[in-house]
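Peer 1: File start03.txt follows (compact mmCIF, C-alpha atoms):
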```txt
# COMPACT_ATOMS: atom_id res chain seq x y z
CA MET F 1 2.35 -28.04 -41.37
CA ALA F 2 -1.11 -27.92 -39.73
CA CYS F 3 0.26 -29.86 -36.74
CA THR F 4 3.13 -27.42 -36.43
CA LYS F 5 0.77 -24.42 -36.45
CA THR F 6 -1.47 -26.08 -33.88
CA HIS F 7 1.55 -26.82 -31.71
CA LEU F 8 2.73 -23.21 -31.94
CA VAL F 9 -0.73 -21.87 -31.05
CA THR F 10 -0.92 -24.26 -28.10
CA MET F 11 2.53 -23.29 -26.85
CA THR F 12 1.74 -19.59 -27.23
CA THR F 13 -1.52 -20.00 -25.30
CA LEU F 14 0.25 -21.90 -22.53
CA LEU F 15 2.94 -19.21 -22.35
CA VAL F 16 0.32 -16.46 -21.99
CA ILE F 17 -1.47 -18.44 -19.26
CA LEU F 18 1.83 -19.00 -17.45
CA MET F 19 2.73 -15.30 -17.63
CA LEU F 20 -0.69 -14.33 -16.26
CA ALA F 21 -0.35 -16.87 -13.47
CA ILE F 22 3.10 -15.54 -12.55
CA SER F 23 1.76 -11.96 -12.62
CA ASN F 24 -1.16 -12.86 -10.37
CA PHE F 25 1.13 -14.76 -7.98
CA THR F 26 3.44 -11.76 -7.75
CA ASP F 27 0.53 -9.37 -7.18
CA ALA F 28 -0.85 -11.71 -4.50
CA GLN F 29 2.31 -11.45 -2.42
CA THR F 30 1.76 -9.13 0.54
CA GLY F 31 4.46 -6.62 1.46
CA VAL F 32 5.32 -5.08 4.82
CA CYS F 33 6.01 -1.44 5.74
CA TYR F 34 9.36 -0.89 7.47
CA GLY F 35 9.28 2.16 9.73
CA ARG F 36 12.14 3.18 12.00
CA ASN F 37 10.47 5.29 14.72
CA GLY F 38 11.52 2.97 17.51
CA ASP F 39 14.39 2.31 19.88
CA GLY F 40 16.69 -0.68 19.59
CA LEU F 41 15.61 -1.70 16.10
CA PRO F 42 17.75 -4.15 14.09
CA SER F 43 20.21 -3.00 11.46
CA PRO F 44 18.94 -2.71 7.86
CA ALA F 45 20.97 -5.80 6.92
CA GLU F 46 19.21 -7.74 9.68
CA VAL F 47 15.87 -6.38 8.47
CA VAL F 48 16.48 -7.59 4.92
CA ALA F 49 17.42 -11.00 6.35
CA LEU F 50 14.17 -11.00 8.34
CA TYR F 51 12.17 -10.31 5.15
CA ASN F 52 13.91 -13.18 3.39
CA GLN F 53 13.46 -15.58 6.32
CA ASN F 54 9.72 -14.90 6.32
CA ASN F 55 9.25 -14.89 2.54
CA ILE F 56 8.24 -11.22 2.51
CA ARG F 57 8.99 -10.10 -1.05
CA ARG F 58 7.88 -6.45 -0.86
CA MET F 59 8.95 -3.58 1.38
CA ARG F 60 7.71 -0.04 1.87
CA ILE F 61 10.02 2.56 3.39
CA TYR F 62 9.10 6.16 4.08
CA ASP F 63 12.33 7.91 3.22
CA PRO F 64 15.48 7.17 1.18
CA HIS F 65 17.44 5.79 4.14
CA GLN F 66 20.83 5.07 2.60
CA PRO F 67 21.79 2.10 4.85
CA THR F 68 18.46 0.44 3.98
CA LEU F 69 18.92 1.02 0.25
CA GLN F 70 22.45 -0.37 0.59
CA ALA F 71 21.16 -3.47 2.38
CA LEU F 72 18.56 -4.06 -0.34
CA ARG F 73 21.15 -4.33 -3.10
CA GLY F 74 20.73 -7.64 -4.90
CA SER F 75 18.01 -8.81 -2.52
CA ASN F 76 15.25 -8.98 -5.19
CA ILE F 77 12.83 -7.47 -2.65
CA GLU F 78 10.48 -5.07 -4.45
CA LEU F 79 10.58 -1.60 -2.92
CA MET F 80 8.07 1.18 -2.47
CA LEU F 81 10.24 4.22 -1.73
CA GLY F 82 8.76 7.26 -0.02
CA VAL F 83 9.47 10.93 -0.55
CA PRO F 84 8.93 12.39 2.95
CA ASN F 85 6.32 15.13 3.26
CA PRO F 86 8.82 17.78 4.45
CA ASP F 87 10.90 17.21 1.26
CA LEU F 88 8.06 17.91 -1.16
CA GLN F 89 8.48 21.67 -1.36
CA ASN F 90 12.12 21.36 -2.37
CA ILE F 91 11.37 18.74 -5.04
CA ALA F 92 8.34 20.63 -6.33
CA SER F 93 10.35 23.84 -6.66
CA SER F 94 12.68 22.66 -9.44
CA GLN F 95 13.27 19.82 -11.86
CA ALA F 96 16.95 19.90 -10.96
CA ASN F 97 16.17 19.11 -7.34
CA ALA F 98 14.01 16.16 -8.40
CA ASN F 99 16.72 14.93 -10.75
CA THR F 100 19.24 15.04 -7.91
CA TRP F 101 16.88 13.16 -5.59
CA VAL F 102 16.32 10.42 -8.16
CA GLN F 103 20.04 10.23 -8.94
CA ASN F 104 21.05 9.91 -5.28
CA ASN F 105 18.29 7.57 -4.17
CA VAL F 106 17.28 5.53 -7.21
CA ARG F 107 19.84 5.59 -10.02
CA ASN F 108 22.75 5.09 -7.63
CA TYR F 109 21.12 1.79 -6.59
CA GLY F 110 20.78 0.02 -9.91
CA ASN F 111 20.52 -3.42 -8.30
CA VAL F 112 17.65 -2.46 -5.98
CA LYS F 113 14.24 -3.53 -7.31
CA PHE F 114 12.27 -0.27 -7.14
CA ARG F 115 8.57 -0.64 -7.94
CA TYR F 116 6.85 2.51 -6.68
CA ILE F 117 7.81 5.97 -5.49
CA ALA F 118 5.25 7.34 -3.02
CA VAL F 119 5.46 11.13 -3.23
CA GLY F 120 4.11 12.10 0.17
CA ASN F 121 2.01 10.15 2.66
CA GLU F 122 -1.58 10.92 3.77
CA ILE F 123 -1.54 14.51 2.58
CA SER F 124 -5.00 16.07 2.47
CA PRO F 125 -6.66 19.48 2.63
CA VAL F 126 -8.70 18.23 5.61
CA ASN F 127 -6.11 16.68 7.93
CA GLY F 128 -2.97 17.73 9.77
CA ASN F 129 -0.84 17.50 6.62
CA SER F 130 -2.66 20.22 4.70
CA GLN F 131 0.43 22.45 4.56
CA TYR F 132 1.93 20.07 1.98
CA VAL F 133 -1.05 20.15 -0.40
CA PRO F 134 0.40 22.86 -2.70
CA PHE F 135 3.51 20.79 -3.41
CA VAL F 136 2.25 17.24 -4.08
CA LEU F 137 1.33 17.44 -7.76
CA ASN F 138 4.42 19.37 -8.89
CA ALA F 139 6.65 17.06 -6.87
CA MET F 140 5.01 14.05 -8.55
CA ARG F 141 5.50 15.60 -11.97
CA ASN F 142 9.16 16.39 -11.33
CA ILE F 143 9.89 12.93 -9.94
CA GLN F 144 8.08 11.37 -12.93
CA ASN F 145 10.16 13.46 -15.33
CA ALA F 146 13.35 12.38 -13.58
CA ILE F 147 12.32 8.71 -13.62
CA SER F 148 11.32 8.87 -17.30
CA GLY F 149 14.53 10.71 -18.16
CA ALA F 150 16.49 7.88 -16.56
CA GLY F 151 14.67 5.36 -18.77
CA LEU F 152 12.88 3.84 -15.76
CA GLY F 153 9.32 4.91 -16.56
CA ASN F 154 8.11 1.40 -17.33
CA GLN F 155 9.77 -0.11 -14.26
CA ILE F 156 8.95 2.44 -11.54
CA LYS F 157 5.52 4.01 -11.05
CA VAL F 158 5.16 7.39 -9.35
CA SER F 159 2.15 8.01 -7.10
CA THR F 160 1.15 9.36 -3.69
CA ALA F 161 -0.38 7.58 -0.69
CA VAL F 162 -3.76 8.88 0.49
CA GLU F 163 -6.09 8.01 3.35
CA THR F 164 -9.70 6.89 3.03
CA GLY F 165 -10.78 10.09 4.80
CA LEU F 166 -10.81 11.73 1.36
CA THR F 167 -13.99 9.79 0.55
CA THR F 168 -17.55 10.17 1.77
CA ASP F 169 -20.95 8.46 1.32
CA THR F 170 -19.18 5.12 1.48
CA PHE F 171 -22.25 3.05 2.43
CA PRO F 172 -23.00 1.17 0.34
CA PRO F 173 -19.62 1.13 -1.45
CA SER F 174 -21.13 1.98 -4.86
CA ARG F 175 -22.12 5.42 -3.50
CA GLY F 176 -18.54 6.29 -2.56
CA LYS F 177 -17.23 9.62 -3.79
CA PHE F 178 -14.50 12.10 -2.96
CA ARG F 179 -15.44 14.89 -0.58
CA ASP F 180 -16.26 18.17 -2.26
CA ASP F 181 -13.56 19.94 -0.19
CA VAL F 182 -10.77 17.67 -1.52
CA ARG F 183 -11.69 17.60 -5.21
CA ARG F 184 -9.38 20.48 -6.17
CA PHE F 185 -6.56 18.49 -4.56
CA ILE F 186 -7.31 14.94 -5.72
CA ASP F 187 -8.71 15.50 -9.24
CA PRO F 188 -5.41 16.72 -10.81
CA ILE F 189 -3.59 13.84 -9.08
CA ILE F 190 -6.05 11.37 -10.62
CA SER F 191 -5.47 12.92 -14.05
CA PHE F 192 -1.72 12.58 -13.56
CA LEU F 193 -2.04 8.92 -12.57
CA VAL F 194 -4.31 8.13 -15.52
CA ALA F 195 -1.89 9.79 -17.96
CA ASN F 196 1.07 7.84 -16.54
CA ARG F 197 -0.81 4.56 -15.96
CA SER F 198 0.20 4.60 -12.31
CA PRO F 199 -1.91 3.24 -9.45
CA LEU F 200 -3.35 5.27 -6.60
CA LEU F 201 -1.80 4.24 -3.28
CA VAL F 202 -4.39 4.08 -0.49
CA ASN F 203 -3.90 3.39 3.23
CA ILE F 204 -6.92 1.30 4.29
CA TYR F 205 -7.58 0.62 7.98
CA PRO F 206 -10.76 -1.16 9.08
CA TYR F 207 -9.38 -0.72 12.62
CA PHE F 208 -9.86 3.06 12.51
CA ALA F 209 -13.33 2.67 11.02
CA ILE F 210 -14.53 0.40 13.83
CA ALA F 211 -12.72 2.40 16.50
CA ASN F 212 -14.73 5.44 15.42
CA ASN F 213 -18.04 3.65 14.86
CA GLN F 214 -19.24 1.18 17.48
CA ASP F 215 -22.11 0.08 15.23
CA ILE F 216 -19.62 -1.88 13.09
CA LYS F 217 -19.38 -5.54 14.11
CA LEU F 218 -15.92 -6.84 14.98
CA ASP F 219 -16.24 -9.93 12.79
CA TYR F 220 -16.97 -7.69 9.78
CA ALA F 221 -13.70 -5.83 10.43
CA LEU F 222 -11.63 -9.01 11.04
CA PHE F 223 -12.74 -10.96 7.93
CA THR F 224 -14.59 -13.47 10.14
CA SER F 225 -18.24 -12.64 9.42
CA PRO F 226 -20.12 -15.88 8.67
CA THR F 227 -22.70 -14.08 6.52
CA VAL F 228 -23.00 -11.28 4.02
CA VAL F 229 -23.16 -7.94 5.85
CA VAL F 230 -23.76 -5.55 2.94
CA ASN F 231 -25.52 -6.35 -0.34
CA ASP F 232 -24.77 -3.58 -2.78
CA ASN F 233 -26.82 -4.15 -5.93
CA GLY F 234 -25.80 -7.80 -6.00
CA ARG F 235 -22.25 -7.29 -4.78
CA GLU F 236 -21.92 -9.08 -1.46
CA TYR F 237 -19.60 -7.77 1.25
CA ARG F 238 -18.49 -9.97 4.15
CA ASN F 239 -15.66 -7.69 5.30
CA LEU F 240 -15.03 -4.00 5.85
CA PHE F 241 -11.69 -3.98 4.00
CA ASP F 242 -13.40 -4.76 0.68
CA ALA F 243 -16.11 -2.19 1.39
CA LEU F 244 -13.56 0.57 2.03
CA LEU F 245 -11.54 -0.44 -1.03
CA ASP F 246 -14.52 -0.57 -3.37
CA ALA F 247 -15.91 2.72 -2.04
CA THR F 248 -12.61 4.28 -3.11
CA TYR F 249 -12.87 2.62 -6.52
CA SER F 250 -16.38 4.11 -6.82
CA ALA F 251 -14.99 7.53 -5.93
CA LEU F 252 -12.30 7.17 -8.60
CA GLU F 253 -14.91 6.28 -11.22
CA LYS F 254 -16.85 9.46 -10.41
CA ALA F 255 -13.67 11.55 -10.72
CA GLY F 256 -12.38 10.30 -14.08
CA GLY F 257 -10.18 7.54 -12.67
CA SER F 258 -12.06 4.41 -13.73
CA SER F 259 -8.92 2.99 -15.38
CA LEU F 260 -6.82 3.20 -12.20
CA GLU F 261 -5.74 0.33 -9.99
CA ILE F 262 -5.54 0.82 -6.23
CA VAL F 263 -2.52 -0.47 -4.34
CA VAL F 264 -3.17 -0.76 -0.61
CA SER F 265 -0.05 0.94 0.69
CA GLU F 266 -0.86 0.37 4.39
CA SER F 267 -3.22 -1.81 6.39
CA GLY F 268 -2.87 -3.31 9.83
CA TRP F 269 -4.19 -3.68 13.37
CA PRO F 270 -2.61 -2.63 16.68
CA SER F 271 -2.08 -5.33 19.31
CA ALA F 272 -2.34 -3.02 22.35
CA GLY F 273 -2.84 0.56 23.45
CA ALA F 274 -6.57 1.30 23.16
CA GLY F 275 -8.60 -1.19 25.16
CA GLN F 276 -10.09 -4.53 24.18
CA LEU F 277 -10.21 -3.73 20.48
CA THR F 278 -6.41 -3.60 20.34
CA SER F 279 -5.38 -7.14 21.29
CA ILE F 280 -2.85 -9.71 20.16
CA ASN F 281 -5.70 -11.97 19.07
CA ASN F 282 -7.39 -9.29 16.95
CA ALA F 283 -4.10 -8.24 15.34
CA ARG F 284 -3.19 -11.85 14.55
CA THR F 285 -6.64 -12.57 13.14
CA TYR F 286 -6.75 -9.42 11.01
CA ASN F 287 -3.28 -9.69 9.50
CA ASN F 288 -3.39 -13.40 8.73
CA ASN F 289 -6.84 -13.09 7.19
CA LEU F 290 -5.72 -10.03 5.23
CA ILE F 291 -2.79 -11.96 3.70
CA ARG F 292 -5.11 -14.75 2.62
CA HIS F 293 -7.90 -12.46 1.46
CA VAL F 294 -5.92 -10.21 -0.89
CA LYS F 295 -4.84 -13.17 -3.01
CA GLY F 296 -8.29 -12.76 -4.55
CA GLY F 297 -10.09 -9.60 -5.57
CA SER F 298 -12.87 -7.48 -4.10
CA PRO F 299 -16.54 -7.72 -5.13
CA LYS F 300 -16.07 -4.75 -7.47
CA LYS F 301 -12.75 -6.02 -8.89
CA PRO F 302 -12.96 -9.80 -8.47
CA SER F 303 -10.52 -10.90 -11.15
CA ARG F 304 -7.22 -9.61 -9.75
CA PRO F 305 -5.31 -9.91 -6.46
CA ILE F 306 -5.09 -6.78 -4.29
CA GLN F 307 -1.53 -5.52 -3.93
CA THR F 308 -1.23 -4.82 -0.21
CA TYR F 309 1.38 -3.74 2.34
CA ILE F 310 0.91 -4.55 6.03
CA PHE F 311 1.74 -1.86 8.55
CA ALA F 312 4.16 -2.53 10.12
CA LEU F 313 7.26 -4.64 10.54
CA PHE F 314 8.16 -3.53 14.09
CA ASP F 315 6.54 -1.93 17.09
CA GLU F 316 7.75 1.70 17.12
CA ASN F 317 7.84 3.10 20.64
CA GLN F 318 8.58 6.68 19.58
CA LYS F 319 5.10 7.11 18.12
CA THR F 320 2.01 8.61 19.72
CA PRO F 321 -0.72 8.01 20.76
CA GLU F 322 -0.14 4.75 22.60
CA PHE F 323 -1.83 2.39 20.14
CA GLU F 324 0.43 3.70 17.33
CA LYS F 325 3.34 2.00 19.10
CA HIS F 326 1.84 -1.48 18.66
CA PHE F 327 1.24 -2.19 14.96
CA GLY F 328 4.36 -4.35 14.56
CA LEU F 329 4.41 -7.95 13.43
CA PHE F 330 7.76 -8.30 15.20
CA THR F 331 9.33 -6.95 18.36
CA PRO F 332 12.60 -5.03 18.00
CA ASN F 333 14.58 -8.19 18.82
CA ARG F 334 13.13 -9.74 15.62
CA GLN F 335 10.85 -12.16 17.44
CA PRO F 336 7.35 -12.57 16.00
CA LYS F 337 4.70 -11.05 18.24
CA TYR F 338 2.33 -13.74 17.01
CA ARG F 339 2.35 -16.30 14.23
CA VAL F 340 1.86 -14.86 10.77
CA SER F 341 2.49 -16.68 7.49
CA PHE F 342 3.40 -15.09 4.18
CA ASN F 343 3.61 -18.42 2.33
```
Go ahead and render the structure in this file as structure tokens.

Peer 2:
Amino acid sequence: MACTKTHLVTMTTLLVILMLAISNFTDAQTGVCYGRNGDGLPSPAEVVALYNQNNIRRMRIYDPHQPTLQALRGSNIELMLGVPNPDLQNIASSQANANTWVQNNVRNYGNVKFRYIAVGNEISPVNGNSQYVPFVLNAMRNIQNAISGAGLGNQIKVSTAVETGLTTDTFPPSRGKFRDDVRRFIDPIISFLVANRSPLLVNIYPYFAIANNQDIKLDYALFTSPTVVVNDNGREYRNLFDALLDATYSALEKAGGSSLEIVVSESGWPSAGAGQLTSINNARTYNNNLIRHVKGGSPKKPSRPIQTYIFALFDENQKTPEFEKHFGLFTPNRQPKYRVSFN
């Protein structure tokens, strides 16, 4: 009998270890954002095939594009689905509108693997999307109610995607906090996320940080620094991505969100459009190093991979300014712009 109990304990322990390993492997897989603001882009079916050919297991889209949702049926690609900013007022105005949105774009696609719903993108009281601020929280609540009412609350997490411009005093990362002029906006969102055990989605771009601050060394932004650049009370930072991420974690802790996980909903590097900083070589270096790096944690959260989505799948020539056209991993004819490995 003692041998049987020992065997059962051993098997149970091994099963727990295996489940944790599978969870960490899944979290370590980097997704890619699929935008459609370009001419001559492939069909959604061809896009799904491109994801599968390159072992990309996660996709972010910015609106409920029906042909894309149709193409994702049965693909087993995990999806972050966006509620576009202009739709927030309608969804915030009534539960019925949110129920209809979820019915049409989620429940009607039972064999699509939804993981997150991003209610708005980069909305802030201090940027060009401030007109949507009054609608974000109520839209999140209504979408959450619709998701929970459909019995999908454990499967699909509702959040919003924010930019790192909401934070300040980010050097060193432990000093990071949310700006005083965004607290009335972000604090209720943090409370909502804590109550629903949903992550905060954050778009993190070392490229924009270095483009706006010439004192930052390129190797620190590209994950290639040979030495520690920032020592923050014993936490050692060799790259800017971790510093920006952990500064946001510090801000969350100071705003009642210490239990929250951050999912990096966008990160990338343009390959052209703004001088020497935007080159094929820098984009290739950044994105390949990012994929490898996020399989581990940050100095502040070292024990868990960093769920991350690269921006973007394709170059999108309808965007402005010029460098915004050149974030793609692939050209519109589905050819890789440079070698990148998701394996």

Peer 1: Quick one, how far is atom CA of F:Gly234 from atom CA of F:Ile291?

Peer 2: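 Separation between atom CA of F:Gly234 and atom CA of F:Ile291: 25.3 Å.
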
Peer 1: Which residue out of F:Lys295, F:Arg60, F:Arg141, F:Arg73 has the minimum interatomic distance to F:Ser94 when only C-alpha atoms are used?

Peer 2: F:Arg141

Peer 1: Taking only C-alpha atoms into account, which of F:Ala251, F:Leu79, F:Ser303, F:Arg197 comes nearest F:Tyr109?

Peer 2: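 Closest residue, counting only C-alpha atoms: F:Leu79.
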
Peer 1: Around (21.7, -0.1, -2.0) in the file's own coordinates, what residues are found within 9 Å if you use only C-alpha atoms, given back as a list in words?

Peer 2: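 Within 9 Å of (21.7, -0.1, -2.0), the protein and nucleic acid residues are Gln66, Pro67, Thr68, Leu69, Gln70, Ala71, Leu72, Arg73, Gly74, Asn105, Val106, Asn108, Tyr109, Gly110, Asn111 and Val112 of chain F.
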
Peer 1: Separation of atom CA of F:Lys300 and atom CA of F:Arg183, in Å?

Peer 2: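 It comes out at 22.9 Å.
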
Peer 1: Restricting the calculation to only C-alpha atoms, which member of F:Asp242, F:Arg179, F:Phe323, F:Thr285 is positioned closest to F:Pro305?

Peer 2: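 For F:Pro305, the nearest of the given residues is F:Asp242.
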
Peer 1: Hey, could you pull the box centre and edge lengths for stretch 55-64 of chain F, axis-aligned, 3 Å padding per side, all listed atoms, to one decimal in Å, as AutoDock Vina command-line options?

Peer 2:
```
--center_x 11.6 --center_y -3.5 --center_z 1.5 --size_x 13.8 --size_y 28.8 --size_z 11.1
```

Peer 1: Report, in Å with one decimal, the straight-line distance from atom CA of F:Leu329 to atom CA of F:Tyr286.

Peer 2: 11.5 Å

Peer 1: Counting all atoms listed in the file, figure out which residue out of F:Ser298, F:Ser265, F:Thr170, F:Asn289 gets nearest to F:Val32.

Peer 2: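 Checking each of F:Ser298, F:Ser265, F:Thr170, F:Asn289 against F:Val32, counting all atoms listed in the file, the winner is F:Ser265.
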
Peer 1: Which is closest to F:Ser250 among F:Gln276, F:Asn287, F:Thr168, F:Gln214, if we use all atoms listed in the file?

Peer 2: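 Checking each candidate against F:Ser250, we get F:Thr168 as the closest.
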
Peer 1: Could you check which of F:Ser198, F:Thr248, F:Asn317, F:Gln29 is closest to F:Ile56, using only C-alpha atoms?

Peer 2: F:Gln29

Peer 1: Just want the 10 Å neighbourhood of F:Ile210, counted on only C-alpha atoms, with same-chain residues fewer than 4 positions away dropped. Output as a compact mmCIF listing (two decimals) with C-alpha atoms, keeping the file's coordinate frame.

Peer 2:
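Output (result_7.txt):
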```
# COMPACT_ATOMS: atom_id res chain seq x y z
CA TYR F 205 -7.58 0.62 7.98
CA PRO F 206 -10.76 -1.16 9.08
CA GLN F 214 -19.24 1.18 17.48
CA ASP F 215 -22.11 0.08 15.23
CA ILE F 216 -19.62 -1.88 13.09
CA LYS F 217 -19.38 -5.54 14.11
CA LEU F 218 -15.92 -6.84 14.98
CA TYR F 220 -16.97 -7.69 9.78
CA ALA F 221 -13.70 -5.83 10.43
CA LEU F 240 -15.03 -4.00 5.85
CA LEU F 277 -10.21 -3.73 20.48
```

Peer 1: Extract, using only C-alpha atoms, all DNA, RNA and protein residues at most 6 Å from stretch 150-160 of chain F, discarding same-chain residues fewer than 3 positions from it, and format them as number ranges by chain.

Peer 2: F: 115-120, 147, 198, 201

Peer 1: Keeping only C-alpha atoms, write the selected residues as a PDB file, in the frame of the given file.

Peer 2:
```
ATOM      1  CA  ARG F 115       8.570  -0.640  -7.940  1.00  0.00           C
ATOM      2  CA  TYR F 116       6.850   2.510  -6.680  1.00  0.00           C
ATOM      3  CA  ILE F 117       7.810   5.970  -5.490  1.00  0.00           C
ATOM      4  CA  ALA F 118       5.250   7.340  -3.020  1.00  0.00           C
ATOM      5  CA  VAL F 119       5.460  11.130  -3.230  1.00  0.00           C
ATOM      6  CA  GLY F 120       4.110  12.100   0.170  1.00  0.00           C
ATOM      7  CA  ILE F 147      12.320   8.710 -13.620  1.00  0.00           C
ATOM      8  CA  SER F 198       0.200   4.600 -12.310  1.00  0.00           C
ATOM      9  CA  LEU F 201      -1.800   4.240  -3.280  1.00  0.00           C
TER      10      LEU F 201
END
```

Peer 1: If you count only C-alpha atoms, which residues fall within 6 Å of stretch 142-145 of chain F, apart from same-chain ones fewer than 3 positions away, as a list in words?

Peer 2: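 Returned residues: Gln95, Ala98, Ala139, Ser148 and Gly149 of chain F.
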
Peer 1: Can you list, as a list of chain:residue names, every protein, DNA or RNA residue that comes within 6 Å of F:Glu78 when you count only C-alpha atoms, leaving out same-chain residues fewer than 6 positions away?

Peer 2: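 In the requested form, the answer reads F:Arg58, F:Lys113, F:Phe114, F:Arg115.
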
Peer 1: Hey, what's within 9 Å of stretch 132-136 of chain F if we count all atoms listed in the file and toss same-chain stuff fewer than 4 positions away? As a PyMOL selection string, please?

Peer 2: chain F and resi 85-86+88-93+119-120+123-125+140-141+160+185+189
